[in-house]
Structure formats: C-alpha cells, structure tokens
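K.L.:
This structure is in structure tokens; I'll ask about it shortly.
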Amino acid sequence: MRPELALIAAAVALAALVGCGEQRGDATRTAPQAVGTVPATDPRAVATVAVSLVDYALDIGEVAPRVERAGLIAFEATNDGLVRHALAVDGPSGQERTPPLRLGERATLAVRLPAGTYKWYCPLADHERRGMFGRLRVAE
Ligand SMILES: [Cu+2]
C-alpha cells in the first residue's frame with residue numbers, strides 16, 4: 001500500500017510541475033503593441049502635449065515646444081477654431097494624424113518619437129501654409 005501511495009504522490013507532483021511549466025509558457029507570451037491613437041490616460045505615454053488648433057495656428061503657448069523625454073508621446077489636440085482642423089506629426093515612420101475635428105472636438109494621437117526634431121501641422125486644405133505648423137523638439 002505505501003509504495004503505491006508514494007507512486008501516486010509522485011505522479012501528482014509531476015503533473016503539478018508540468019502544469020507550472022505550461023503556465024510559465026503562457027505568461028511569456030507578449031500582447032501585440034498598439035500604435036496610433038490611444039486614450040490620453042495611456043500609461044505607456046512618457047509625455048502628454050496639449051495643443052489647441054485655431055484658425056490658423058497651433059497654439060501651445062510656447063514658441064518652440066520641447067518634450068523632455070523620447071518615447072510614446074500623447075498629443076491631445078482640441079479644435080478651438082471655427083473650421084475643421086486635424087493634427088499631424090511627421091514621425092520616423094511617416095505621417096501620423098488625427099481625424100478631422102470640428103469646433104470643440106478633441107482627439108489624442110500617440111506617436112513614438114526618438115530624440116529629434118519633428119514637424120507637426122494641420123494636414124487639411126492649405127492650413128499648413130496659412131500658419132498651422134511648427135517644429136517640435138524631443139529630448140534635445
Ligand atoms: Cu486646419
């Protein structure tokens with residue numbers, strides 16, 4: 001009787017070990033990383049830049065905006081103008097932009113930016129030429 005019980009106990013222990021191994025395997029799987037528009041409260045964002053879109057300028061309250069840290073940056077754009085506007089950032093992988101926003105509408109654009117200087121602007125109609133553009137320095 002006793003040797004049989006010991007054998008059963010060993011089998012149970014082995015099953016538990018195998019079970020643990022499978023759990024470890026599941027835990028190491030990584031979820032796909034989302035890029036683009038994410039909620040403003042995204043904990044992955046290293047910085048948030050609030051910008052007001054007006055007719056016809058990007059109003060951030062600074063002449064040469066600078067973001068202290070490189071990484072995922074959340075741009076919170078609010079249209080405070082009378083016509084439709086959007087916010088675009090030319091990042092390392094091309095243009096990232098919000099949808100067109102009406103007066104009072106707001107969108108958050110998350111862009112992963114290494115250290116450098118980037119152009120941001122309103123991509124609608126001739127708004128960039130009319131003054132809706134600027135340079136954004138990141139960790140420089
Ligand atoms: Cu515009």
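By convention in this document, the chains of the structure tokens carry letters A, B, ... by their order, each chain's residues are numbered from 1, and ligands are numbered from 1 in the order they are shown.
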Near segment 54-60 of chain A, within 12 Å and counting only C-alpha atoms, which residues show up once chain neighbours fewer than 4 positions away are dropped, as a PyMOL selection string?
P.N.:
chain A and resi 48-50+64-66+75-88+101-104+119-136
K.L.:
As a list in words, please: every residue in segment 54-89 of chain A that a backbone DSSP assignment puts in strand (DSSP E or B).
P.N.:
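After running DSSP on the backbone, segment 54-89 of chain A has strand (DSSP E or B) at Val54, Ala57, Leu58, Asp59, Arg66, Val67, Gly71, Leu72, Ile73, Ala74, Phe75, Glu76, Ala77, Thr78, Asn79, His85, Ala88 and Val89 of chain A.
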K.L.:
List the neighbours of Ile73 of chain A out to 9 Å using only C-alpha atoms; skip same-chain residues closer than 3 positions along the sequence, and give me the result as a PyMOL selection string.
P.N.:
chain A and resi 44-49+67+69-70+109-113
K.L.:
Taking only C-alpha atoms and all ligand atoms into account, name the residue in A:Gly94, A:Pro100, A:Gly71, A:Pro114 that is nearest to ligand 1.
P.N.:
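Distance minimum relative to ligand 1 lands on A:Pro100.
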K.L.:
Looking at A:Gly61, A:Pro92, A:Pro99, A:Pro43, which one is nearest to ligand 1, with distances taken over only C-alpha atoms and all ligand atoms?
P.N.:
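The shortest atom-to-atom distance to ligand 1 comes from A:Pro99.
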K.L.:
Nearest to ligand 1 among A:Thr98, A:Leu72, A:Ala139, A:Asp90, with distances taken over only C-alpha atoms and all ligand atoms: which residue is it?
P.N.:
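Among the listed residues, A:Thr98 lies closest to ligand 1.
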